[in-house]
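For reference, coords-v5.txt is printed below; it contains compact mmCIF, C-alpha atoms.
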# COMPACT_ATOMS: atom_id res chain seq x y z
CA PRO T 1 -168.10 -54.61 67.31
CA LEU T 2 -167.01 -55.22 71.06
CA GLN T 3 -165.18 -55.43 73.96
CA ARG T 4 -161.93 -53.92 74.98
CA ALA T 5 -162.87 -54.41 78.60
CA PRO T 6 -166.00 -55.49 80.48
CA MET T 7 -168.48 -52.74 81.30
CA SER T 8 -167.85 -53.43 84.98
CA CYS T 9 -164.23 -52.26 84.59
CA TYR T 10 -165.32 -48.89 83.22
CA SER T 11 -168.00 -48.54 85.88
CA ARG T 12 -165.45 -49.26 88.61
CA ALA T 13 -162.98 -46.77 87.12
CA LEU T 14 -165.69 -44.13 87.15
CA ARG T 15 -166.47 -44.85 90.82
CA LEU T 16 -162.80 -44.67 91.76
CA HIS T 17 -162.20 -41.51 89.73
CA ALA T 18 -165.53 -39.74 89.94
CA GLY T 19 -164.05 -36.48 88.69
CA SER T 20 -162.26 -38.03 85.70
CA GLN T 21 -163.72 -36.90 82.39
CA LEU T 22 -161.68 -39.57 80.58
CA ALA T 23 -163.15 -42.35 82.76
CA ARG T 24 -166.64 -41.00 82.09
CA LEU T 25 -166.10 -40.88 78.33
CA LYS T 26 -164.61 -44.39 78.19
CA HIS T 27 -167.57 -45.66 80.18
CA ALA T 28 -169.98 -43.88 77.82
CA LEU T 29 -168.25 -45.14 74.66
CA ALA T 30 -168.18 -48.70 76.00
CA ALA T 31 -171.91 -48.45 76.78
CA ALA T 32 -172.71 -47.14 73.29
CA LYS T 33 -170.68 -49.89 71.60
CA ARG T 34 -172.62 -52.51 73.56
CA GLY T 35 -176.02 -50.96 72.87
CA PHE T 36 -176.67 -49.54 76.37
CA MET T 37 -177.83 -46.24 74.91
CA ASP T 38 -179.57 -44.99 78.07
CA ILE T 39 -176.25 -45.16 79.95
CA ALA T 40 -174.37 -43.64 77.01
CA ILE T 41 -176.77 -40.70 76.69
CA LYS T 42 -176.65 -40.03 80.43
CA GLU T 43 -172.85 -40.02 80.46
CA LEU T 44 -172.71 -37.93 77.25
CA SER T 45 -174.88 -35.26 78.82
CA ALA T 46 -172.73 -35.21 81.96
CA ALA T 47 -169.50 -35.05 79.92
CA ARG T 48 -170.79 -32.18 77.79
CA ALA T 49 -171.93 -30.26 80.87
CA THR T 50 -168.52 -30.73 82.50
CA CYS T 51 -166.68 -29.68 79.34
CA VAL T 52 -168.77 -26.52 78.95
CA GLY T 53 -168.68 -25.72 82.65
CA ARG T 54 -164.90 -25.62 82.87
CA GLY T 55 -164.28 -24.23 79.38
CA SER T 56 -162.15 -27.20 78.34
CA SER T 57 -159.71 -26.81 75.43
CA ASP T 58 -158.73 -30.51 75.37
CA GLU T 59 -159.25 -31.53 71.73
CA THR T 60 -159.09 -35.28 72.48
CA GLU T 61 -161.85 -34.89 75.05
CA LYS T 62 -163.99 -32.88 72.64
CA THR T 63 -163.44 -35.43 69.86
CA MET T 64 -164.47 -38.32 72.13
CA ILE T 65 -167.65 -36.44 73.09
CA GLU T 66 -168.51 -35.87 69.43
CA GLU T 67 -167.72 -39.49 68.53
CA LEU T 68 -170.07 -40.66 71.25
CA GLY T 69 -172.74 -38.34 69.91
CA ALA T 70 -172.26 -39.81 66.42
CA MET T 71 -172.55 -43.37 67.74
CA ILE T 72 -175.82 -42.45 69.43
CA MET T 73 -177.03 -40.97 66.13
CA ILE T 74 -176.21 -44.28 64.42
CA GLN T 75 -178.23 -46.21 67.00
CA ALA T 76 -181.07 -43.69 66.68
CA VAL T 77 -181.12 -44.24 62.88
CA MET T 78 -179.85 -40.75 62.02
CA PRO T 79 -177.22 -41.83 59.47
CA VAL T 80 -176.78 -38.52 57.63
CA LYS T 81 -175.98 -36.53 60.78
CA ALA T 82 -173.77 -39.34 62.08
CA SER T 83 -171.91 -39.55 58.76
CA LEU T 84 -171.24 -35.80 58.63
CA THR T 85 -169.93 -35.83 62.20
CA LEU T 86 -167.66 -38.84 61.68
CA ASP T 87 -166.33 -37.54 58.36
CA ARG T 88 -165.35 -34.27 60.02
CA LEU T 89 -163.75 -36.02 63.02
CA VAL T 90 -161.77 -38.47 60.87
CA ALA T 91 -160.50 -35.60 58.71
CA SER T 92 -159.37 -33.57 61.72
CA THR T 93 -157.79 -36.38 63.78
CA ASP T 94 -154.21 -37.69 63.55
CA GLN T 95 -154.10 -40.71 61.26
CA ALA T 96 -152.44 -42.94 63.87
CA GLY T 97 -153.52 -43.92 67.35
CA SER T 98 -156.44 -45.44 69.22
CA LEU T 99 -158.71 -42.42 68.77
CA SER T 100 -158.36 -42.53 64.98
CA ALA T 101 -158.94 -46.30 64.99
CA SER T 102 -162.11 -45.87 67.06
CA LEU T 103 -163.48 -43.18 64.73
CA LEU T 104 -162.71 -45.21 61.60
CA ALA T 105 -164.34 -48.32 63.09
CA ALA T 106 -167.48 -46.35 63.98
CA ARG T 107 -167.66 -44.96 60.45
CA GLY T 108 -167.09 -48.44 59.04
CA VAL T 109 -170.10 -49.72 60.98
CA LEU T 110 -172.16 -46.84 59.58
CA HIS T 111 -171.05 -47.68 56.03
CA GLN T 112 -172.08 -51.30 56.63
CA GLN T 113 -175.53 -50.19 57.72
CA GLN T 114 -175.76 -48.12 54.54
CA HIS T 115 -174.70 -51.18 52.47
CA ASP T 116 -171.55 -49.46 51.22
CA ALA T 117 -169.20 -52.43 51.36
CA ALA T 118 -166.23 -50.74 49.68
CA ALA T 119 -166.24 -47.80 52.10
CA ALA T 120 -166.72 -50.10 55.11
CA ARG T 121 -163.83 -52.31 54.01
CA ALA T 122 -161.56 -49.30 53.59
CA ASP T 123 -162.40 -47.87 57.03
CA PHE T 124 -161.97 -51.17 58.88
CA ALA T 125 -158.60 -51.71 57.16
CA ARG T 126 -157.51 -48.15 58.02
CA ALA T 127 -158.57 -48.67 61.65
CA VAL T 128 -156.20 -51.64 61.92
CA GLN T 129 -153.38 -49.59 60.38
CA ALA T 130 -154.09 -46.65 62.70
CA ASP T 131 -153.70 -48.80 65.82
CA PRO T 132 -152.38 -52.34 65.20
CA SER T 133 -152.74 -53.09 68.92
CA ASP T 134 -156.50 -52.41 68.92
CA ALA T 135 -158.20 -55.81 69.30
CA ASP T 136 -161.61 -54.31 68.47
CA ALA T 137 -160.33 -53.02 65.13
CA HIS T 138 -159.08 -56.49 64.12
CA TYR T 139 -162.34 -58.05 65.33
CA ASN T 140 -164.45 -55.61 63.30
CA LEU T 141 -162.39 -56.33 60.20
CA GLY T 142 -162.79 -60.06 60.79
CA CYS T 143 -166.56 -59.78 61.06
CA PHE T 144 -166.67 -57.76 57.85
CA ARG T 145 -164.54 -60.35 56.07
CA MET T 146 -166.94 -63.08 57.24
CA GLN T 147 -169.82 -61.19 55.66
CA GLU T 148 -167.83 -61.10 52.42
CA LEU T 149 -167.16 -64.86 52.73
CA ASP T 150 -163.42 -64.15 52.92
CA TRP T 151 -162.76 -67.00 55.33
CA ARG T 152 -158.97 -66.88 55.19
CA GLY T 153 -158.97 -63.15 55.81
CA ALA T 154 -161.46 -63.55 58.65
CA PHE T 155 -159.33 -66.31 60.19
CA ALA T 156 -156.28 -64.02 60.13
CA SER T 157 -158.19 -61.13 61.73
CA PHE T 158 -159.66 -63.25 64.52
CA THR T 159 -156.28 -64.85 65.19
CA LYS T 160 -154.82 -61.37 65.69
CA THR T 161 -157.77 -60.42 67.92
CA ILE T 162 -157.15 -63.47 70.11
CA SER T 163 -153.43 -62.70 70.39
CA LEU T 164 -154.33 -59.23 71.70
CA GLN T 165 -157.39 -60.21 73.73
CA PRO T 166 -157.20 -63.91 74.70
CA LYS T 167 -160.54 -63.90 76.54
CA GLN T 168 -162.65 -62.62 73.63
CA LYS T 169 -165.10 -65.51 73.29
CA TYR T 170 -166.68 -64.18 70.10
CA ALA T 171 -163.29 -64.15 68.38
CA TYR T 172 -162.91 -67.88 69.12
CA LEU T 173 -166.48 -68.50 67.96
CA ASN T 174 -166.04 -66.67 64.67
CA ARG T 175 -162.60 -68.10 64.02
CA GLY T 176 -164.13 -71.54 64.54
CA VAL T 177 -166.81 -70.77 61.96
CA SER T 178 -164.12 -69.56 59.54
CA LEU T 179 -162.12 -72.75 60.08
CA TYR T 180 -165.18 -74.87 59.41
CA GLN T 181 -165.77 -73.02 56.14
CA MET T 182 -162.18 -73.90 55.22
CA HIS T 183 -162.95 -77.58 56.01
CA ARG T 184 -160.71 -77.62 59.10
CA VAL T 185 -163.21 -79.32 61.39
CA GLU T 186 -160.93 -80.42 64.24
CA GLU T 187 -159.40 -76.95 64.53
CA ALA T 188 -162.89 -75.44 64.51
CA LEU T 189 -163.86 -77.75 67.36
CA ARG T 190 -160.87 -76.58 69.39
CA ASP T 191 -161.94 -72.97 68.96
CA PHE T 192 -165.51 -73.72 70.04
CA ASN T 193 -164.06 -75.53 73.06
CA SER T 194 -161.97 -72.45 73.85
CA ALA T 195 -165.05 -70.21 73.63
CA LEU T 196 -166.94 -72.54 75.97
CA SER T 197 -164.05 -72.65 78.44
CA LEU T 198 -164.55 -68.89 78.78
CA ASP T 199 -168.34 -69.17 79.01
CA PRO T 200 -169.78 -72.70 79.53
CA GLU T 201 -173.29 -71.44 78.67
CA PHE T 202 -172.31 -69.70 75.44
CA GLY T 203 -175.22 -70.89 73.31
CA GLN T 204 -173.77 -69.98 69.91
CA ALA T 205 -170.60 -71.90 70.64
CA LEU T 206 -172.58 -74.90 71.91
CA LEU T 207 -174.74 -74.92 68.80
CA ASN T 208 -171.76 -74.70 66.46
CA ARG T 209 -169.83 -77.34 68.39
CA GLY T 210 -172.86 -79.63 68.18
CA VAL T 211 -172.97 -79.22 64.42
CA MET T 212 -169.22 -79.86 64.19
CA GLN T 213 -169.55 -83.00 66.31
CA GLN T 214 -172.24 -84.22 63.94
CA VAL T 215 -170.02 -83.53 60.92
CA ALA T 216 -167.16 -85.40 62.62
CA GLY T 217 -169.43 -88.41 63.23
CA ARG T 218 -169.55 -88.00 67.03
CA HIS T 219 -173.31 -88.30 67.28
CA ALA T 220 -173.59 -88.77 71.05
CA GLU T 221 -171.51 -85.64 71.73
CA ALA T 222 -173.49 -83.74 69.10
CA GLU T 223 -176.81 -84.71 70.70
CA GLN T 224 -175.53 -83.59 74.12
CA ASP T 225 -174.45 -80.16 72.84
CA LEU T 226 -177.61 -79.59 70.83
CA SER T 227 -179.82 -80.65 73.73
CA LYS T 228 -178.06 -78.21 76.04
CA THR T 229 -178.43 -75.47 73.40
CA LEU T 230 -182.18 -76.11 73.32
CA GLU T 231 -182.34 -75.94 77.13
CA LEU T 232 -180.57 -72.58 77.11
CA MET T 233 -182.94 -71.25 74.45
CA GLN T 234 -185.99 -72.37 76.41
CA GLY T 235 -184.63 -70.84 79.59
CA SER T 236 -183.85 -67.44 78.07
Rewrite the structure of this file - the entire thing - as structure tokens.
Amino acid sequence: PLQRAPMSCYSRALRLHAGSQLARLKHALAAAKRGFMDIAIKELSAARATCVGRGSSDETEKTMIEELGAMIMIQAVMPVKASLTLDRLVASTDQAGSLSASLLAARGVLHQQQHDAAAARADFARAVQADPSDADAHYNLGCFRMQELDWRGAFASFTKTISLQPKQKYAYLNRGVSLYQMHRVEEALRDFNSALSLDPEFGQALLNRGVMQQVAGRHAEAEQDLSKTLELMQGS
């Protein structure tokens, strides 16, 4: 579950608006979603201190702080505390809008980790309904559908993600995998090409394109892609 904007964008916004609590919280949430928990915890502490220091009554701000805390709990393998926090926030937040979508997606991830597929499916679907323009929500739903081997559903979700966020390389990658599973090899190749046009050293896309080239009988192209994949693996 990723990437409404690069981390650098949030970092720059925070530098330009050093006193903005919203910029700090967006930076912290982006860091938590990408696994940079040291940054997230640092920003969470600063946001809480600012909120307490000025006696803020902004409910959106408070909810974002608590959501961030719950995401850190998930990463720290504290599922019960995270679940209680997210359940309370979802129940107390308007059912439409980006904040609701973000909370539902976070709870969906937690349900996945707890192997509760039905609850995860429901939350990811509700996240898309809460904010149809949220590319992350569609991407999360697509990834879940892949895990359930619902290739047509995954294809639809990743197509929507790409329409909202055309430079999301993982959406092209995963849509390509979904297309392959539906036996649409040439279309899958085009998606892997699109992912590689965004990142020429995207190892997962190279590997998958190499396999597709092999399936399509283009053995020289397949060998080239797979050799480059091996080079990237050895260099990492």
Exercise. Restricting the calculation to only C-alpha atoms, which member of T:Leu164, T:Val80, T:Ala47, T:Leu104 is positioned closest to Ala119 (chain T)?
Worked result: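 Selected residue with least distance to Ala119 (chain T): T:Leu104.
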For this session: Using CA of Asp191 (chain T) and CA of Val215 (chain T) as the two end points, give the distance in Å to one decimal.
Result: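 Separating CA of Asp191 (chain T) from CA of Val215 (chain T) is a distance of 15.5 Å.
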For this session: List every protein, DNA or RNA residue with an atom no more than 10 Å from (-162.0, -52.1, 68.7) in the file's coordinates, counting only C-alpha atoms, and format the result as JSON, numbers by chain.
Result: {"T": [1, 2, 3, 4, 33, 98, 101, 102, 103, 104, 105, 106, 124, 127, 128, 131, 133, 134, 135, 136, 137, 138, 139, 140, 141, 161]}
May I have the residues from that selection written out with C-alpha atoms, as a short mmCIF file (atom, residue, chain, number, x, y, z; two decimals), in the coordinates of the input?
data_model
loop_
_atom_site.label_atom_id
_atom_site.label_comp_id
_atom_site.auth_asym_id
_atom_site.auth_seq_id
_atom_site.Cartn_x
_atom_site.Cartn_y
_atom_site.Cartn_z
CA PRO T 1 -168.10 -54.61 67.31
CA LEU T 2 -167.01 -55.22 71.06
CA GLN T 3 -165.18 -55.43 73.96
CA ARG T 4 -161.93 -53.92 74.98
CA LYS T 33 -170.68 -49.89 71.60
CA SER T 98 -156.44 -45.44 69.22
CA ALA T 101 -158.94 -46.30 64.99
CA SER T 102 -162.11 -45.87 67.06
CA LEU T 103 -163.48 -43.18 64.73
CA LEU T 104 -162.71 -45.21 61.60
CA ALA T 105 -164.34 -48.32 63.09
CA ALA T 106 -167.48 -46.35 63.98
CA PHE T 124 -161.97 -51.17 58.88
CA ALA T 127 -158.57 -48.67 61.65
CA VAL T 128 -156.20 -51.64 61.92
CA ASP T 131 -153.70 -48.80 65.82
CA SER T 133 -152.74 -53.09 68.92
CA ASP T 134 -156.50 -52.41 68.92
CA ALA T 135 -158.20 -55.81 69.30
CA ASP T 136 -161.61 -54.31 68.47
CA ALA T 137 -160.33 -53.02 65.13
CA HIS T 138 -159.08 -56.49 64.12
CA TYR T 139 -162.34 -58.05 65.33
CA ASN T 140 -164.45 -55.61 63.30
CA LEU T 141 -162.39 -56.33 60.20
CA THR T 161 -157.77 -60.42 67.92
#
Can you sort out the box for region 211-217 of chain T, edges along x, y and z, all listed atoms in, 6 Å on every side, with centre and edge lengths in Å to one decimal, as lines of an AutoDock Vina configuration file?
center_x = -170.1
center_y = -83.8
center_z = 63.6
size_x = 17.8
size_y = 21.2
size_z = 17.4
For this session: Compare T:Ala195, T:Ala154, T:Ile39, T:Ala130 by their minimum atom-to-atom distance to Ser100 (chain T), counting all atoms listed in the file, and give me the closest one.
Result: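 Counting all atoms listed in the file, the residue closest to Ser100 (chain T) is T:Ala130.
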For this session: Do a neighbour search on Leu207 (chain T) at 10 Å with only C-alpha atoms, toss out local chain neighbours closer than 5 positions, and write the hits as a list in words.
Result: Phe192, Phe202, Met212, Gln213, Ala222, Asp225, Leu226, Ser227, Lys228, Thr229 and Leu230 of chain T
For this session: Work out how far apart CA of Gln114 (chain T) and CA of Leu179 (chain T) are and give it in Å to one decimal.
Result: 28.7 Å
Exercise. Could you state the separation of CA of Met182 (chain T) and CA of Thr159 (chain T) in Å, given to one decimal place?
Worked result: 14.7 Å
Exercise. From the set T:Gly108, T:Arg218, T:Gly210, T:Lys169, which residue has the shortest atom-to-atom contact distance to Ser197 (chain T), counting all atoms listed in the file?
Worked result: T:Lys169
